[in-house]
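Written out below as structure tokens is the structure these notes cover.
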Amino acid sequence: MSSALESLLDLLDLEQIEQDIFRGTSRSAVVPRVFGGQVAAQALVAAGRTVPANRTAHSLHSYFLRMGDPGAPIVYSVDRIRDGRSFTTRRVVAVQHGQPIFHLSASFQTYEEGLEHQADMPPAPDPETLPTAEQMLPRYADAFVDPGVMDRLLEARAAVDLRYVDAPPFAHVGTPQEPRSQVWFRTNGKLADDPLLHVCMATYVSDMTLLDSVLLAHGRGGWAVGDVVGASLDHAMWFHRPFRADEWLLYDQESPSASGGRGLGQARIYTQDGRLAITVIQEGVVRVPRKD
């Protein structure tokens, strides 16, 4: 296991300070705010720790309310909304400096048999044939407005092996593309067998690239290039089938719409053998900077 992955696992191992109240810290981020995937994953950890072990997360719905301060702890307060015979519902509010910064509702279910069908996995190359972040990012170093961006990107992705199927948005500046993007990802090391851990790790990664398809549609390179400013607004996930975040997962992403300073991304995450594991939808602020 890489030291970066150990650090990320420590980040997700929240401190319990009271019944249904947990405290988390933040890691250094690429931008000067708490990474959205981190606060979503930590909130799901907090919710999951109040749920019986035989009930696994099947959905989450969340809103990003304020920018998080990476230099301050985050307190997660869990509200036990419902404990039914098959389903458990939890609400989590993340607070910093006395104000809520994030809100999550999550539902958990005991395993049961049922009807089965799924959308087919789209074609994608073998992830082992694709360049790693260390191999790919230096090719585009000249596109970044800040010379330190590439190092921060590499640091942020050291815990997760994330490989683009096609070139990322900052490789297509000025040239609109089809609003679709694919990446393969897995953790840089083996994880324990706890299903909640794998769900939380996928939640963490799901916020890294989902709005790339919005940028591609307009030939925008993103915040690192300086031709857009943005932030996540809301994030929803449905966990359909068991998976492991330490095994290759295909993140197939597209954007059906952008308007009003917002862009919508939707995606499906498949296991390498073709099982549909997760559906993800996110809307984010995507604004073109004003010219003085």
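Chain identifiers are assigned as A, B, and so on, following the order in which chains appear in the structure tokens; residues are numbered from 1 within each chain, and ligands are numbered from 1 in order of appearance.
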* Determine, counting only C-alpha atoms, which protein, DNA and RNA residues have an atom within 9 Å of an atom of A:Arg157; residues of the same chain fewer than 4 positions away are not included. Present the result as JSON, numbers by chain. => {"A": [4, 133, 152, 153, 161, 162]}
Once you have the residues from the selection above, write them out as a PDB file, in the first residue's frame, restricted to C-alpha atoms.
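This is the output file again_6.pdb:
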```
ATOM      1  CA  ALA A   4      -0.511   8.317   0.029  1.00  0.00           C
ATOM      2  CA  ALA A 133      -0.878  10.356 -14.156  1.00  0.00           C
ATOM      3  CA  ARG A 152      -0.452  19.381  -6.712  1.00  0.00           C
ATOM      4  CA  LEU A 153      -2.405  17.262  -9.180  1.00  0.00           C
ATOM      5  CA  ASP A 161      -4.355   5.300  -9.966  1.00  0.00           C
ATOM      6  CA  LEU A 162      -6.579   7.301 -12.341  1.00  0.00           C
TER       7      LEU A 162
END
```
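Counting only C-alpha atoms, A:Arg27 has the following residues at most 10 Å away, ignoring those fewer than 3 positions along the same chain: Ser7, Leu8, Leu11, Val30, Arg33, Val34, Phe35, Gln38, Pro70, Gly71 and Ala156 of chain A.
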Emit the selected residues as a PDB file, in the first residue's frame, including C-alpha atoms.
```pdb
ATOM      1  CA  SER A   7      -2.821   8.923   4.466  1.00  0.00           C
ATOM      2  CA  LEU A   8      -6.184   8.918   2.674  1.00  0.00           C
ATOM      3  CA  LEU A  11      -8.414  10.867   6.582  1.00  0.00           C
ATOM      4  CA  VAL A  30      -5.209  21.131  -5.439  1.00  0.00           C
ATOM      5  CA  ARG A  33     -10.583  24.659  -0.263  1.00  0.00           C
ATOM      6  CA  VAL A  34     -11.653  21.255   0.969  1.00  0.00           C
ATOM      7  CA  PHE A  35     -12.013  18.762  -1.898  1.00  0.00           C
ATOM      8  CA  GLN A  38     -13.362  14.218   0.672  1.00  0.00           C
ATOM      9  CA  PRO A  70      -8.752  22.849   4.760  1.00  0.00           C
ATOM     10  CA  GLY A  71      -7.025  24.251   7.842  1.00  0.00           C
ATOM     11  CA  ALA A 156      -3.811  14.655  -5.048  1.00  0.00           C
TER      12      ALA A 156
END
```
Hey, which bits of stretch 46-76 of chain A sit within 12 Å of stretch 238-259 of chain A, and for each residue what's the closest pair of atoms and how far apart in Å (one decimal), counting only C-alpha atoms, rows by chain and increasing number, as a tab-separated table?
```
residue	atom	partner	partner_atom	distance
A:Thr56	CA	A:Phe239	CA	9.1
A:Ala57	CA	A:Phe239	CA	6.9
A:His58	CA	A:Phe239	CA	4.6
A:Ser59	CA	A:Trp238	CA	4.3
A:Leu60	CA	A:Trp238	CA	6.7
A:His61	CA	A:Trp238	CA	8.9
```
Please run DSSP on the backbone and report, as a PyMOL selection string, all residues within stretch 79-181 of chain A that come out as strand (DSSP E). chain A and resi 79-83+87-96+99-110+160-164+180-181
Would you mind exporting the chosen residues as a compact mmCIF listing (two decimals), in the first residue's frame, restricted to N, CA and C atoms?
```txt
# COMPACT_ATOMS: atom_id res chain seq x y z
N ASP A 79 -28.01 12.38 12.00
CA ASP A 79 -29.40 12.30 12.46
C ASP A 79 -29.96 10.95 12.01
N ARG A 80 -30.41 10.14 12.97
CA ARG A 80 -30.94 8.81 12.66
C ARG A 80 -32.41 8.95 12.24
N ILE A 81 -32.61 9.22 10.97
CA ILE A 81 -33.94 9.52 10.46
C ILE A 81 -34.89 8.33 10.58
N ARG A 82 -34.42 7.14 10.18
CA ARG A 82 -35.32 5.98 10.18
C ARG A 82 -34.52 4.69 10.24
N ASP A 83 -35.01 3.74 11.01
CA ASP A 83 -34.50 2.37 11.04
C ASP A 83 -35.67 1.43 10.78
N PHE A 87 -34.63 -1.04 5.36
CA PHE A 87 -33.89 0.16 5.01
C PHE A 87 -33.59 1.01 6.25
N THR A 88 -32.44 1.66 6.20
CA THR A 88 -32.02 2.61 7.22
C THR A 88 -31.67 3.93 6.54
N THR A 89 -32.16 5.04 7.08
CA THR A 89 -31.89 6.35 6.49
C THR A 89 -31.16 7.23 7.50
N ARG A 90 -30.13 7.91 7.01
CA ARG A 90 -29.36 8.82 7.84
C ARG A 90 -29.21 10.18 7.15
N ARG A 91 -29.20 11.23 7.96
CA ARG A 91 -28.91 12.58 7.46
C ARG A 91 -27.66 13.07 8.18
N VAL A 92 -26.74 13.67 7.44
CA VAL A 92 -25.48 14.15 8.01
C VAL A 92 -25.29 15.61 7.63
N VAL A 93 -24.93 16.43 8.61
CA VAL A 93 -24.57 17.82 8.35
C VAL A 93 -23.11 18.01 8.76
N ALA A 94 -22.32 18.55 7.83
CA ALA A 94 -20.91 18.85 8.10
C ALA A 94 -20.79 20.33 8.46
N VAL A 95 -20.12 20.63 9.56
CA VAL A 95 -20.06 22.00 10.09
C VAL A 95 -18.61 22.43 10.27
N GLN A 96 -18.32 23.66 9.89
CA GLN A 96 -17.04 24.31 10.15
C GLN A 96 -17.31 25.75 10.59
N GLN A 99 -20.86 26.93 10.93
CA GLN A 99 -21.78 26.99 9.80
C GLN A 99 -21.78 25.67 9.03
N PRO A 100 -22.94 25.24 8.53
CA PRO A 100 -22.97 24.03 7.71
C PRO A 100 -22.30 24.27 6.36
N ILE A 101 -21.45 23.34 5.97
CA ILE A 101 -20.78 23.45 4.66
C ILE A 101 -21.25 22.37 3.70
N PHE A 102 -21.93 21.34 4.23
CA PHE A 102 -22.30 20.19 3.39
C PHE A 102 -23.44 19.45 4.07
N HIS A 103 -24.34 18.92 3.24
CA HIS A 103 -25.49 18.16 3.76
C HIS A 103 -25.61 16.88 2.94
N LEU A 104 -25.80 15.76 3.62
CA LEU A 104 -25.92 14.47 2.95
C LEU A 104 -27.07 13.67 3.54
N SER A 105 -27.83 13.02 2.66
CA SER A 105 -28.80 12.00 3.06
C SER A 105 -28.37 10.69 2.42
N ALA A 106 -28.34 9.63 3.19
CA ALA A 106 -27.91 8.33 2.69
C ALA A 106 -28.87 7.26 3.14
N SER A 107 -29.05 6.25 2.29
CA SER A 107 -29.93 5.14 2.61
C SER A 107 -29.15 3.83 2.52
N PHE A 108 -29.44 2.94 3.45
CA PHE A 108 -28.76 1.65 3.55
C PHE A 108 -29.82 0.54 3.53
N GLN A 109 -29.43 -0.63 3.02
CA GLN A 109 -30.40 -1.71 2.86
C GLN A 109 -29.76 -3.06 3.19
N THR A 110 -30.56 -3.95 3.79
CA THR A 110 -30.10 -5.32 3.95
C THR A 110 -30.15 -6.00 2.58
N VAL A 160 -4.69 7.23 -5.65
CA VAL A 160 -5.58 6.58 -6.61
C VAL A 160 -4.93 6.58 -7.98
N ASP A 161 -4.86 5.42 -8.60
CA ASP A 161 -4.35 5.30 -9.97
C ASP A 161 -5.51 5.62 -10.91
N LEU A 162 -5.50 6.83 -11.48
CA LEU A 162 -6.58 7.30 -12.34
C LEU A 162 -6.01 7.53 -13.74
N ARG A 163 -6.57 6.83 -14.73
CA ARG A 163 -6.03 6.87 -16.08
C ARG A 163 -7.11 7.28 -17.08
N TYR A 164 -6.83 8.35 -17.83
CA TYR A 164 -7.76 8.83 -18.86
C TYR A 164 -7.70 7.92 -20.08
N ARG A 180 -18.21 13.73 -23.65
CA ARG A 180 -18.05 12.42 -23.03
C ARG A 180 -16.61 12.26 -22.56
N SER A 181 -16.43 11.53 -21.49
CA SER A 181 -15.09 11.27 -20.96
C SER A 181 -15.10 9.93 -20.24
```
Write out as an NGL selection string which residues come within 10 Å of A:Pro73 when counting only C-alpha atoms, dropping same-chain ones fewer than 3 positions away.
:A and (23-26 or 68-70 or 76 or 95-97)
Keeping N, CA and C atoms for every residue in the selection just given, could you write it to a file as a compact mmCIF listing (two decimals), in the first residue's frame?
```
# COMPACT_ATOMS: atom_id res chain seq x y z
N ARG A 23 -15.54 13.78 14.02
CA ARG A 23 -14.68 14.89 13.59
C ARG A 23 -13.66 14.36 12.59
N GLY A 24 -13.47 15.13 11.52
CA GLY A 24 -12.50 14.78 10.50
C GLY A 24 -11.56 15.93 10.22
N THR A 25 -10.42 15.61 9.66
CA THR A 25 -9.46 16.61 9.21
C THR A 25 -9.43 16.62 7.69
N SER A 26 -8.64 17.50 7.12
CA SER A 26 -8.51 17.61 5.66
C SER A 26 -7.07 17.43 5.25
N GLY A 68 -15.22 24.62 2.05
CA GLY A 68 -14.62 24.13 3.27
C GLY A 68 -13.22 24.71 3.48
N ASP A 69 -12.87 24.93 4.73
CA ASP A 69 -11.56 25.44 5.11
C ASP A 69 -10.63 24.26 5.38
N PRO A 70 -9.62 24.02 4.55
CA PRO A 70 -8.75 22.85 4.76
C PRO A 70 -7.91 22.93 6.02
N TYR A 76 -19.06 16.28 11.88
CA TYR A 76 -20.16 15.63 11.19
C TYR A 76 -21.19 15.16 12.22
N VAL A 95 -20.12 20.63 9.56
CA VAL A 95 -20.06 22.00 10.09
C VAL A 95 -18.61 22.43 10.27
N GLN A 96 -18.32 23.66 9.89
CA GLN A 96 -17.04 24.31 10.15
C GLN A 96 -17.31 25.75 10.59
N HIS A 97 -16.56 26.20 11.58
CA HIS A 97 -16.69 27.59 12.04
C HIS A 97 -18.14 27.94 12.35
```
Would you please extract all helix (DSSP H, G or I) residues from stretch 8-246 of chain A, as assigned by DSSP on the backbone, and give them as a VMD selection string? chain A and resid 8 to 12 36 to 48 127 to 129 133 to 143 149 to 156 169 to 171 195 to 206 212 to 217
Same residues, C-alpha atoms, output as a PDB file, in the first residue's frame:
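Output file result-v2.pdb is given in full below:
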```pdb
ATOM      1  CA  LEU A   8      -6.184   8.918   2.674  1.00  0.00           C
ATOM      2  CA  LEU A   9      -7.428   5.999   4.783  1.00  0.00           C
ATOM      3  CA  ASP A  10      -6.407   7.924   7.914  1.00  0.00           C
ATOM      4  CA  LEU A  11      -8.414  10.867   6.582  1.00  0.00           C
ATOM      5  CA  LEU A  12     -11.510   8.672   6.282  1.00  0.00           C
ATOM      6  CA  GLY A  36     -15.690  17.929  -2.355  1.00  0.00           C
ATOM      7  CA  GLY A  37     -15.076  14.201  -2.700  1.00  0.00           C
ATOM      8  CA  GLN A  38     -13.362  14.218   0.672  1.00  0.00           C
ATOM      9  CA  VAL A  39     -16.240  15.796   2.603  1.00  0.00           C
ATOM     10  CA  ALA A  40     -18.771  13.551   0.825  1.00  0.00           C
ATOM     11  CA  ALA A  41     -16.772  10.428   1.653  1.00  0.00           C
ATOM     12  CA  GLN A  42     -16.257  11.483   5.273  1.00  0.00           C
ATOM     13  CA  ALA A  43     -19.972  12.228   5.677  1.00  0.00           C
ATOM     14  CA  LEU A  44     -20.800   8.763   4.334  1.00  0.00           C
ATOM     15  CA  VAL A  45     -18.312   7.236   6.789  1.00  0.00           C
ATOM     16  CA  ALA A  46     -20.088   9.057   9.627  1.00  0.00           C
ATOM     17  CA  ALA A  47     -23.494   7.838   8.450  1.00  0.00           C
ATOM     18  CA  GLY A  48     -22.276   4.274   7.953  1.00  0.00           C
ATOM     19  CA  PRO A 127      -6.530   0.200 -18.301  1.00  0.00           C
ATOM     20  CA  GLU A 128      -3.049  -1.327 -18.163  1.00  0.00           C
ATOM     21  CA  THR A 129      -2.397   0.027 -21.684  1.00  0.00           C
ATOM     22  CA  ALA A 133      -0.878  10.356 -14.156  1.00  0.00           C
ATOM     23  CA  GLU A 134       2.908  10.549 -13.773  1.00  0.00           C
ATOM     24  CA  GLN A 135       3.303   9.749 -17.468  1.00  0.00           C
ATOM     25  CA  MET A 136       0.425  11.879 -18.768  1.00  0.00           C
ATOM     26  CA  LEU A 137       0.368  15.134 -16.783  1.00  0.00           C
ATOM     27  CA  PRO A 138       3.877  16.419 -17.640  1.00  0.00           C
ATOM     28  CA  ARG A 139       2.854  16.517 -21.311  1.00  0.00           C
ATOM     29  CA  TYR A 140       0.489  19.404 -20.514  1.00  0.00           C
ATOM     30  CA  ALA A 141       2.539  21.324 -17.954  1.00  0.00           C
ATOM     31  CA  ASP A 142       2.740  24.372 -20.253  1.00  0.00           C
ATOM     32  CA  ALA A 143      -1.078  24.686 -20.264  1.00  0.00           C
ATOM     33  CA  VAL A 149      -0.498  22.867 -10.427  1.00  0.00           C
ATOM     34  CA  MET A 150       1.031  19.744 -11.928  1.00  0.00           C
ATOM     35  CA  ASP A 151       2.765  18.821  -8.667  1.00  0.00           C
ATOM     36  CA  ARG A 152      -0.452  19.381  -6.712  1.00  0.00           C
ATOM     37  CA  LEU A 153      -2.405  17.262  -9.180  1.00  0.00           C
ATOM     38  CA  LEU A 154       0.113  14.454  -8.870  1.00  0.00           C
ATOM     39  CA  GLU A 155       0.002  14.690  -5.080  1.00  0.00           C
ATOM     40  CA  ALA A 156      -3.811  14.655  -5.048  1.00  0.00           C
ATOM     41  CA  PRO A 169      -9.935  18.783 -21.047  1.00  0.00           C
ATOM     42  CA  PHE A 170      -6.744  20.803 -20.664  1.00  0.00           C
ATOM     43  CA  ALA A 171      -5.413  19.034 -23.770  1.00  0.00           C
ATOM     44  CA  PRO A 195     -17.935  -2.786   1.992  1.00  0.00           C
ATOM     45  CA  LEU A 196     -18.436   0.698   3.505  1.00  0.00           C
ATOM     46  CA  LEU A 197     -14.775   1.517   2.886  1.00  0.00           C
ATOM     47  CA  HIS A 198     -15.032   0.649  -0.816  1.00  0.00           C
ATOM     48  CA  VAL A 199     -18.228   2.678  -1.221  1.00  0.00           C
ATOM     49  CA  CYS A 200     -16.648   5.670   0.537  1.00  0.00           C
ATOM     50  CA  MET A 201     -13.497   5.420  -1.575  1.00  0.00           C
ATOM     51  CA  ALA A 202     -15.554   5.408  -4.780  1.00  0.00           C
ATOM     52  CA  THR A 203     -17.468   8.422  -3.461  1.00  0.00           C
ATOM     53  CA  TYR A 204     -14.153  10.218  -2.922  1.00  0.00           C
ATOM     54  CA  VAL A 205     -12.950   9.540  -6.489  1.00  0.00           C
ATOM     55  CA  SER A 206     -16.321  10.271  -8.112  1.00  0.00           C
ATOM     56  CA  ASP A 212     -14.809  17.078 -17.446  1.00  0.00           C
ATOM     57  CA  SER A 213     -17.479  16.296 -20.032  1.00  0.00           C
ATOM     58  CA  VAL A 214     -18.983  19.769 -19.530  1.00  0.00           C
ATOM     59  CA  LEU A 215     -15.596  21.352 -20.225  1.00  0.00           C
ATOM     60  CA  LEU A 216     -14.967  19.182 -23.280  1.00  0.00           C
ATOM     61  CA  ALA A 217     -18.240  20.288 -24.890  1.00  0.00           C
TER      62      ALA A 217
END
```
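A straight line drawn from atom CA of A:Asn54 to atom CA of A:Asp13 is 19.6 Å long.
Distance check against A:Gly261 using only C-alpha atoms: of A:Ala277, A:Met237, A:Leu5, A:Val228, the minimum falls on A:Val228.
Between A:Tyr63 and the residues A:Val285, A:Ile269, A:Ala236, A:Val145, the shortest atom-to-atom distance, using only C-alpha atoms, involves A:Ala236.
For the pair atom CA of A:Thr132 and atom CA of A:Arg287, the separation is 29.4 Å.
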